[in-house]
Structures are given as C-alpha cells and as structure tokens.
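Let me begin by presenting the structure, written as structure tokens, before commenting on it.
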Amino acid sequence: YAGVIAYLAPYSLTRDAEWSVGVYFALYAGFAVVGRVGLGRIQDRFGDNVIAIPILLSFTLSLALIAVASNGFVISVAGVFMGLGFGMVLPTMQAAASKVVQPVNMNSAVAAVYVSIDLGVGVAPFALGPIIGVVGFSGMYVLLALVVLLAAAIYLGGHGRTNGGAPG
C-alpha cells in the first residue's frame, strides 16, 4: 500500500490521468467501509480463510490493475479492489491474530499487526524509490503485487493451514 500512497500521484501523471487519484481514493474509502460492515460478520461465522484469501487477492488485483493501467479509468477502478483488499487487511488480520492467542496476550497480538502494517507503510516508500529507478512505476506495482501474493502464500502456509479461525 505504501507504493500507492507514495507513488500513485506521480504515476498517474505518466498516464495523463491525475484526476483519477482522487477518484481512486474515494472508491477505496467507500469500498473499505462497505467491506468492513459486512465482511467481519462473515469472518466470524465462517472463519478467517473465507475473508483473508479473497482480500489478499483483491489487494493483488488492485496493484496489478495499476501496473497495467493505460488510463485514469483503470486506475480509478483499482481503488475498488484496494478498498476490498488492503482496506480489509487490518480488521481481518487483527481478528485472526486475536483468535490464536490467550486473552492475556491479545493486546500484544493486535499491536503486532498494527506495527507490521505501520512499518511497511512508513519504510517501504524509501525502498521503493530506487526500485522505480530500475523497473519503472509499472514494474514496481507488479513487484508489489507479487509481494502480496507471497504474503498470501505465507498466510496459507501458517494460519491458513489450520481451520483458519473457523468456528468449532
């Protein structure tokens, strides 16, 4: 997500689509709110995997759409998938983390999720700048999509291998 926050505006200039950034973030916010209203109940009822895998795939799709965007419309539409993807990562992973720890450790588990996300969003732009110099904006967004797919694989290899937080 750091690649979006830090670099979507300059990337949109290369596509002559600076107008799309505001639309992207409006769609992101709207779909994140819509997702948070309904997806939490589904996660509670059917387990973490039912939500975690689709949101990570939606996050990946958003980054892939940005990577191949030739115009502002595609960039804008990517905001829908980011809202349903990254917009749902924090609540989904907080809920998943809180289910696998003892109640006494719940604060630490939730804090670990926050710190991980904040660290990525705060540090990644510094690492991504030189990458853009080598592979360009589109290449960076492809690499970021691959990072999210790697995160999905790690999730599936760990928590996702269990019952994924599904009720008894």
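Chain labels A, B, ... are given in the sequence in which chains occur in the structure tokens; within each chain residues are numbered consecutively from 1, and ligands are likewise numbered from 1 in the order shown.
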Practice task
Name the residues in contact with A:Ser98 at a cut-off of 7 Å, using only C-alpha atoms, excluding same-chain residues fewer than 3 positions from it; report them as a PyMOL selection string.
Solution key: chain A and resi 94-95+101+106+109-110
Problem - A:Asn49 environment, 12 Å, only C-alpha atoms, sequence neighbours closer than 6 positions dropped, as a PyMOL selection string - result: chain A and resi 39+42-43+55-57+92-93+95-96+152-153+155-167
What lies within 9 Å of stretch 120-135 of chain A using only C-alpha atoms, ignoring chain neighbours under 6 positions off, as a compact mmCIF listing (two decimals) with N, CA, C and O atoms, in the first residue's frame?
```txt
# COMPACT_ATOMS: atom_id res chain seq x y z
N TYR A 1 0.83 -1.20 0.00
CA TYR A 1 0.00 0.00 0.00
C TYR A 1 0.87 1.25 0.00
O TYR A 1 0.45 2.29 -0.49
N ALA A 2 2.07 1.14 0.53
CA ALA A 2 2.98 2.28 0.54
C ALA A 2 3.27 2.75 -0.88
O ALA A 2 3.43 3.95 -1.12
N GLY A 3 3.33 1.83 -1.82
CA GLY A 3 3.55 2.20 -3.21
C GLY A 3 2.42 3.01 -3.78
O GLY A 3 2.61 3.84 -4.68
N ILE A 5 0.27 4.98 -1.75
CA ILE A 5 0.27 6.26 -1.05
C ILE A 5 1.36 7.18 -1.58
O ILE A 5 1.13 8.36 -1.82
N ALA A 6 2.56 6.66 -1.72
CA ALA A 6 3.70 7.49 -2.09
C ALA A 6 3.79 7.78 -3.58
O ALA A 6 4.28 8.84 -3.97
N TYR A 7 3.34 6.86 -4.42
CA TYR A 7 3.68 6.97 -5.83
C TYR A 7 2.51 6.97 -6.81
O TYR A 7 2.73 7.10 -8.01
```
Handout entry: Selected residue of minimal separation from A:Arg36 among A:Trp19, A:Ala9, A:Phe59, A:Leu90, counting only C-alpha atoms
Key =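 The closest residue to A:Arg36 is A:Leu90.
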Exercise for the section: With a distance cut-off of 12 Å and only C-alpha atoms, select the neighbouring residues of A:Gly22, excluding the residue or stretch itself and same-chain residues fewer than 6 positions from it, and output the selection as a list of chain:residue names. Expected result: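 Here the answer would be A:Ile5, A:Leu8, A:Ala9, A:Ser12, A:Tyr28, A:Ala29, A:Gly72, A:Phe73, A:Ile75, A:Ser76, A:Val77, A:Gly79.
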Exercise for the section: Enumerate as a PyMOL selection string all residues of chain A assigned to alpha helix (DSSP H) by DSSP on the backbone, naming them with the chain letters and numbers the document uses. Expected result: chain A and resi 2-14+20-46+48-68+72-84+86-99+106-157
Practice task
Select, from A:Ser62, A:Ser116, A:Thr14, A:Ser20, the residue with the minimum atom-to-atom distance to A:Gly83, counting only C-alpha atoms.
Solution key: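 Answer, going by the shortest atom-to-atom distance: A:Ser62.
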Fill in the blank from the handout: Among A:Val21, A:Asp48, A:Leu150, A:Phe31, A:Val100 is approached most closely, using only C-alpha atoms, by A:Asp48
Exercise for the section: Mind checking which residues fall within 8 Å of A:Leu144, counting only C-alpha atoms, ignoring those fewer than 3 positions away in the same chain, and posting them as a PyMOL selection string? Expected result: chain A and resi 3+60+63+140-141+147-148
Completion exercise
Correct to one decimal, the distance atom CA of A:Ala151-atom CA of A:Pro10 is 26.3 Å
Exercise for the section: Give me, please, the distance in Å between atom CA of A:Val80 and atom CA of A:Val4, quoted to one decimal. Expected result: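 According to the coordinates, atom CA of A:Val80 and atom CA of A:Val4 are separated by 13.4 Å.
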Exercise for the section: Point out the residue among A:Pro54, A:Gly87, A:Gly47, A:Gly136 with the least atom-to-atom distance to A:Gly35, counting only C-alpha atoms. Expected result: A:Gly87
Practice task
May I ask which of the residues A:Ala67, A:Val74, A:Val113, A:Leu119 is the closest one to A:Tyr24, counting only C-alpha atoms?
Solution key: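 Among the listed residues, A:Val74 lies closest to A:Tyr24.
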